[in-house]
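Undergrad: Pasting data18.pdb below, which is PDB, C-alpha atoms.
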```pdb
ATOM      1  CA  MET A   1     -10.912   9.913 -16.829
ATOM      2  CA  SER A   2     -14.307  11.500 -16.171
ATOM      3  CA  THR A   3     -14.833  13.960 -13.337
ATOM      4  CA  ILE A   4     -16.797  11.429 -11.278
ATOM      5  CA  ASP A   5     -14.126   8.752 -11.803
ATOM      6  CA  ALA A   6     -11.395  11.163 -10.704
ATOM      7  CA  LEU A   7     -13.411  12.199  -7.657
ATOM      8  CA  ILE A   8     -13.993   8.571  -6.622
ATOM      9  CA  LYS A   9     -10.397   7.475  -7.249
ATOM     10  CA  ASN A  10      -8.741  10.474  -5.584
ATOM     11  CA  ARG A  11     -10.841  10.631  -2.391
ATOM     12  CA  ARG A  12      -8.911   9.661   0.729
ATOM     13  CA  THR A  13      -9.789   8.966   4.338
ATOM     14  CA  ILE A  14      -8.438  11.898   6.322
ATOM     15  CA  HIS A  15      -7.091  11.349   9.826
ATOM     16  CA  HIS A  16      -5.731  14.817  10.677
ATOM     17  CA  TYR A  17      -7.699  18.036  10.331
ATOM     18  CA  SER A  18      -7.105  21.730  10.774
ATOM     19  CA  SER A  19      -9.483  23.493  13.144
ATOM     20  CA  GLU A  20     -10.829  25.642  10.282
ATOM     21  CA  LEU A  21     -14.600  25.388   9.803
ATOM     22  CA  ILE A  22     -16.513  24.050   6.818
ATOM     23  CA  PRO A  23     -19.327  26.463   5.904
ATOM     24  CA  GLU A  24     -22.675  25.096   7.101
ATOM     25  CA  LYS A  25     -24.100  25.309   3.570
ATOM     26  CA  ASP A  26     -21.466  22.806   2.381
ATOM     27  CA  ILE A  27     -22.434  20.362   5.142
ATOM     28  CA  LEU A  28     -26.111  20.739   4.223
ATOM     29  CA  GLU A  29     -25.322  20.148   0.531
ATOM     30  CA  ALA A  30     -23.385  17.004   1.476
ATOM     31  CA  VAL A  31     -26.331  15.715   3.539
ATOM     32  CA  GLU A  32     -28.605  16.481   0.595
ATOM     33  CA  SER A  33     -26.274  14.476  -1.679
ATOM     34  CA  ALA A  34     -26.578  11.604   0.805
ATOM     35  CA  LEU A  35     -30.329  11.563   0.146
ATOM     36  CA  PHE A  36     -29.623  10.521  -3.441
ATOM     37  CA  ALA A  37     -28.007   7.214  -2.496
ATOM     38  CA  PRO A  38     -29.665   4.212  -4.134
ATOM     39  CA  ASN A  39     -32.434   3.164  -1.776
ATOM     40  CA  HIS A  40     -34.418  -0.034  -2.298
ATOM     41  CA  LYS A  41     -38.078   0.475  -1.347
ATOM     42  CA  LEU A  42     -37.351   4.213  -0.768
ATOM     43  CA  THR A  43     -37.159   3.769   2.996
ATOM     44  CA  PHE A  44     -34.683   6.657   3.492
ATOM     45  CA  PRO A  45     -33.278   5.020   6.646
ATOM     46  CA  THR A  46     -30.227   7.234   7.200
ATOM     47  CA  ARG A  47     -30.125   9.945   9.854
ATOM     48  CA  PHE A  48     -27.327  12.462  10.446
ATOM     49  CA  THR A  49     -26.818  14.073  13.856
ATOM     50  CA  ILE A  50     -24.343  16.951  14.092
ATOM     51  CA  VAL A  51     -22.348  16.923  17.314
ATOM     52  CA  PRO A  52     -21.626  20.531  18.346
ATOM     53  CA  SER A  53     -18.248  21.586  19.712
ATOM     54  CA  SER A  54     -19.756  21.804  23.192
ATOM     55  CA  LYS A  55     -20.398  18.015  23.220
ATOM     56  CA  ARG A  56     -17.095  16.830  21.780
ATOM     57  CA  ARG A  57     -15.261  16.563  25.072
ATOM     58  CA  GLU A  58     -18.012  14.206  26.239
ATOM     59  CA  MET A  59     -17.440  12.105  23.110
ATOM     60  CA  ALA A  60     -13.709  12.041  23.839
ATOM     61  CA  ASP A  61     -14.450  10.928  27.400
ATOM     62  CA  ILE A  62     -16.583   8.052  26.078
ATOM     63  CA  SER A  63     -13.710   7.019  23.806
ATOM     64  CA  LEU A  64     -11.197   7.195  26.674
ATOM     65  CA  LYS A  65     -13.484   5.104  28.902
ATOM     66  CA  ILE A  66     -13.837   2.405  26.231
ATOM     67  CA  ARG A  67     -10.068   2.265  25.696
ATOM     68  CA  ARG A  68      -9.484   1.870  29.432
ATOM     69  CA  GLN A  69     -12.140  -0.864  29.642
ATOM     70  CA  LYS A  70     -10.214  -2.722  26.941
ATOM     71  CA  GLY A  71      -7.115  -2.598  29.145
ATOM     72  CA  ARG A  72      -5.290   0.249  27.428
ATOM     73  CA  VAL A  73      -3.012   2.213  29.699
ATOM     74  CA  LEU A  74      -3.155   5.849  28.657
ATOM     75  CA  ASN A  75      -0.710   8.510  29.769
ATOM     76  CA  GLN A  76      -1.571  12.222  29.701
ATOM     77  CA  GLU A  77      -0.105  12.644  26.206
ATOM     78  CA  ASP A  78      -2.282   9.801  24.859
ATOM     79  CA  GLU A  79      -5.366  11.302  26.475
ATOM     80  CA  ASN A  80      -4.614  14.757  25.067
ATOM     81  CA  LYS A  81      -4.229  13.324  21.535
ATOM     82  CA  ILE A  82      -7.603  11.589  21.770
ATOM     83  CA  ILE A  83      -9.296  14.713  23.146
ATOM     84  CA  GLN A  84      -7.742  16.805  20.369
ATOM     85  CA  LYS A  85      -8.844  14.240  17.773
ATOM     86  CA  PHE A  86     -12.465  14.889  18.744
ATOM     87  CA  LYS A  87     -12.074  18.665  19.031
ATOM     88  CA  ASN A  88     -10.168  19.349  15.809
ATOM     89  CA  PRO A  89     -12.349  18.549  12.814
ATOM     90  CA  SER A  90     -14.812  21.150  11.665
ATOM     91  CA  HIS A  91     -17.708  18.720  12.055
ATOM     92  CA  LEU A  92     -18.472  15.449  13.797
ATOM     93  CA  LEU A  93     -21.638  13.679  12.752
ATOM     94  CA  ILE A  94     -23.312  10.570  14.051
ATOM     95  CA  VAL A  95     -24.875   8.481  11.298
ATOM     96  CA  SER A  96     -27.688   6.210  12.373
ATOM     97  CA  GLN A  97     -30.121   3.876  10.666
ATOM     98  CA  ILE A  98     -33.832   3.498  11.341
ATOM     99  CA  LYS A  99     -34.318  -0.056  12.610
ATOM    100  CA  SER A 100     -36.410  -2.624  10.776
ATOM    101  CA  GLU A 101     -37.631  -5.975  12.048
ATOM    102  CA  ASP A 102     -37.185  -7.439   8.568
ATOM    103  CA  PRO A 103     -33.578  -8.720   8.221
ATOM    104  CA  THR A 104     -33.597  -8.282   4.430
ATOM    105  CA  ARG A 105     -34.759  -4.696   4.716
ATOM    106  CA  SER A 106     -32.151  -4.019   7.444
ATOM    107  CA  LYS A 107     -29.421  -5.257   5.116
ATOM    108  CA  GLU A 108     -30.749  -3.155   2.224
ATOM    109  CA  ASP A 109     -31.036  -0.128   4.503
ATOM    110  CA  TYR A 110     -27.430  -0.557   5.673
ATOM    111  CA  ALA A 111     -26.347  -0.642   2.035
ATOM    112  CA  THR A 112     -28.213   2.642   1.538
ATOM    113  CA  LEU A 113     -26.530   4.132   4.607
ATOM    114  CA  SER A 114     -23.110   3.123   3.251
ATOM    115  CA  MET A 115     -23.806   4.717  -0.113
ATOM    116  CA  ALA A 116     -25.198   7.815   1.623
ATOM    117  CA  ILE A 117     -21.905   8.170   3.501
ATOM    118  CA  GLN A 118     -20.011   7.780   0.214
ATOM    119  CA  ASN A 119     -22.169  10.493  -1.411
ATOM    120  CA  PHE A 120     -21.667  12.755   1.623
ATOM    121  CA  SER A 121     -17.907  12.200   1.488
ATOM    122  CA  LEU A 122     -17.624  12.765  -2.267
ATOM    123  CA  SER A 123     -19.680  15.947  -2.031
ATOM    124  CA  LEU A 124     -17.269  17.362   0.544
ATOM    125  CA  TRP A 125     -14.150  16.023  -1.215
ATOM    126  CA  GLU A 126     -15.130  17.872  -4.373
ATOM    127  CA  LYS A 127     -15.058  21.113  -2.332
ATOM    128  CA  GLY A 128     -11.634  20.358  -0.819
ATOM    129  CA  TYR A 129     -12.782  18.859   2.485
ATOM    130  CA  GLY A 130     -11.992  15.439   3.871
ATOM    131  CA  THR A 131     -13.917  12.839   5.836
ATOM    132  CA  LYS A 132     -13.363   9.725   7.883
ATOM    133  CA  TRP A 133     -15.914   7.015   8.613
ATOM    134  CA  SER A 134     -15.352   5.467  12.023
ATOM    135  CA  SER A 135     -17.308   2.410  13.133
ATOM    136  CA  GLY A 136     -15.380   1.184  16.149
ATOM    137  CA  SER A 137     -16.806  -0.039  19.425
ATOM    138  CA  MET A 138     -17.794   3.494  20.409
ATOM    139  CA  ILE A 139     -20.849   3.342  18.120
ATOM    140  CA  HIS A 140     -22.309   0.675  20.425
ATOM    141  CA  ALA A 141     -21.747   2.596  23.675
ATOM    142  CA  PRO A 142     -24.953   3.416  25.580
ATOM    143  CA  GLU A 143     -23.285   6.697  26.599
ATOM    144  CA  LEU A 144     -23.137   7.765  22.937
ATOM    145  CA  TYR A 145     -26.852   7.076  22.521
ATOM    146  CA  ASN A 146     -27.514   9.135  25.656
ATOM    147  CA  LEU A 147     -25.301  12.003  24.522
ATOM    148  CA  THR A 148     -26.911  12.170  21.069
ATOM    149  CA  HIS A 149     -30.490  11.542  22.250
ATOM    150  CA  ILE A 150     -30.789   8.685  19.750
ATOM    151  CA  ASN A 151     -33.302   6.080  20.885
ATOM    152  CA  PRO A 152     -31.622   2.653  20.525
ATOM    153  CA  ASP A 153     -35.030   0.992  20.203
ATOM    154  CA  LEU A 154     -35.714   2.972  17.003
ATOM    155  CA  GLU A 155     -32.270   3.617  15.478
ATOM    156  CA  SER A 156     -28.837   2.018  15.455
ATOM    157  CA  ILE A 157     -25.720   4.166  15.364
ATOM    158  CA  GLU A 158     -23.599   2.895  12.476
ATOM    159  CA  ALA A 159     -20.885   5.523  12.068
ATOM    160  CA  ILE A 160     -19.115   8.552  13.386
ATOM    161  CA  LEU A 161     -18.200  10.855  10.516
ATOM    162  CA  TRP A 162     -15.309  13.268  10.861
ATOM    163  CA  ALA A 163     -15.356  16.143   8.368
ATOM    164  CA  GLY A 164     -12.935  19.005   7.953
ATOM    165  CA  ILE A 165     -10.066  20.582   6.126
ATOM    166  CA  PRO A 166      -7.244  18.053   5.752
ATOM    167  CA  LYS A 167      -3.970  18.879   7.481
ATOM    168  CA  GLN A 168      -2.326  16.274   5.289
ATOM    169  CA  GLU A 169      -3.555  13.949   2.594
ATOM    170  CA  PRO A 170      -2.388  10.344   2.909
ATOM    171  CA  GLN A 171      -0.904   8.367   0.052
ATOM    172  CA  PRO A 172      -3.365   6.144  -1.800
ATOM    173  CA  PRO A 173      -3.510   2.589  -0.498
ATOM    174  CA  LYS A 174      -2.558  -0.304  -2.731
ATOM    175  CA  ARG A 175      -5.689  -1.734  -4.301
ATOM    176  CA  PRO A 176      -6.261  -4.955  -6.230
ATOM    177  CA  SER A 177      -6.584  -4.720  -9.987
ATOM    178  CA  VAL A 178      -9.882  -5.154 -11.805
ATOM    179  CA  LYS A 179      -8.751  -8.581 -13.029
ATOM    180  CA  ASP A 180      -8.287  -9.620  -9.372
ATOM    181  CA  ILE A 181     -11.925  -8.955  -8.487
ATOM    182  CA  LEU A 182     -13.862  -9.466 -11.723
ATOM    183  CA  ARG A 183     -15.193 -12.839 -12.901
ATOM    184  CA  THR A 184     -17.015 -13.661 -16.097
ATOM    185  CA  LEU A 185     -19.252 -16.713 -16.245
ATOM    186  CA  ILE A 186     -18.916 -18.888 -19.318
TER     187      ILE A 186
END
```
Written as structure tokens, that's how I'd like the structure from this file.

TA:
Amino acid sequence: MSTIDALIKNRRTIHHYSSELIPEKDILEAVESALFAPNHKLTFPTRFTIVPSSKRREMADISLKIRRQKGRVLNQEDENKIIQKFKNPSHLLIVSQIKSEDPTRSKEDYATLSMAIQNFSLSLWEKGYGTKWSSGSMIHAPELYNLTHINPDLESIEAILWAGIPKQEPQPPKRPSVKDILRTLI
């Protein structure tokens, strides 16, 4: 198996992180790798916004508010886990996409954003760091746009990226075989 195949097949979504920091140069290299995602029309629509430690409690509060609005009853232990989830990883990044009025271009740009996140994640995985791509209802919250100073008229938030040193690496999920997903026309 080639190095790139091993990297792709061994990468995992990490849910639990140590509080140890990733060197800033490694984050910058990962963002640079994201720039090399295939990009139809070379629109370069992806934007990364680093959320500093000082803003993470506000992100946790947005998450708690959304959960309560959905009817979740949270005790103090639940709240503390959510707060810690936002505080723990080395880095939290908001990934947004420049908006386009052309639906075809928007779809192509989202594909680029997805591949940029994959490149970012593989770049960090190669160095021993993990990531998680979150795209839950929080990415639509007006409070998140306000916190990050992202103008919703110009950009759409598409992901929250967690990046850090894995506390534990999950087992690989069961995947379909190639024969399950590959068709040949005759």

Undergrad: Grab the atom CA of A:Ile117 to atom CA of A:Glu79 distance for me, in Å with one decimal place.

TA: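 About the pair atom CA of A:Ile117 and atom CA of A:Glu79: they are 28.5 Å apart.
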
Undergrad: Expand the PyMOL selection byres ((chain A and resi 60-70) around 10) into the individual residues it matches in the shown file, reporting them as number ranges by chain.

TA: A: 55-59, 71-74, 78-87, 136-139, 141-144, 147

Undergrad: Go through A:Pro173, A:Pro103, A:Pro166, A:Pro38 and flag the residue nearest A:His16, using only C-alpha atoms for the distances.

TA: A:Pro166

Undergrad: Restricting the calculation to all atoms listed in the file, which member of A:Gln168, A:Gln76, A:Asn146, A:Ser134 is positioned closest to A:Leu93?

TA: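 Among A:Gln168, A:Gln76, A:Asn146, A:Ser134, it is A:Ser134 that comes nearest to A:Leu93.
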
Undergrad: What's the separation between atom CA of A:Ala159 and atom CA of A:Trp125, in Å to one decimal place?

TA: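 It comes out at 18.2 Å.
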
Undergrad: Return as a list in words the set of residues that the PyMOL selection byres ((chain A and resi 45) around 7) yields on the displayed structure.

TA: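 That expression, the PyMOL selection byres ((chain A and resi 45) around 7), corresponds here to Thr43, Phe44, Thr46, Arg47, Gln97, Ile98 and Asp109 of chain A.
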
Undergrad: So the first atom is atom CA of A:Val51 and the second is atom CA of A:Leu35; what is the distance between them in Å, to one decimal place?

TA: 19.7 Å

Undergrad: Check which residues satisfy the PyMOL selection byres ((chain A and resi 29) around 12) in the file shown, then give them as a list in words.

TA: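 Applied to this file, the PyMOL selection byres ((chain A and resi 29) around 12) returns Ile22, Pro23, Glu24, Lys25, Asp26, Ile27, Leu28, Ala30, Val31, Glu32, Ser33, Ala34, Leu35, Phe36, Asn119, Phe120, Ser121, Leu122, Ser123, Leu124, Glu126 and Lys127 of chain A.
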
Undergrad: Show which residues sit within 10 Å of A:Gln171, as a PyMOL selection string. Count all atoms listed in the file, and ignore same-chain residues fewer than 2 positions away.

TA: chain A and resi 10+12-13+168-169+173-174

Undergrad: So, with all atoms listed in the file as the atoms that count, which of A:Ile150, A:Val95, A:Ile157, A:Leu7 lies closest to A:Gly128?

TA: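 Smallest distance to A:Gly128 is found for A:Leu7.
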
Undergrad: Please determine, counting only C-alpha atoms, which residue among A:Ile186, A:Ile8, A:Leu92, A:Met1 has the shortest atom-to-atom distance to A:Ala163.

TA: A:Leu92

Undergrad: For A:Lys99, which of A:Ala111, A:Ala116, A:Ile50, A:Leu154 is the closest residue, counting all atoms listed in the file?

TA: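 Nearest to A:Lys99: A:Leu154.
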
Undergrad: Find, counting only C-alpha atoms, the residue in A:Lys167, A:Lys41, A:Arg11, A:His140 that gets nearest to A:Ser106.

TA: A:Lys41

Undergrad: Skipping near chain neighbours, those fewer than 2 positions away, what residues fall within 9 Å of A:Leu21 using all atoms listed in the file, listed as a ChimeraX atom specification?

TA: /A:18-19,23-24,89-91,164-165
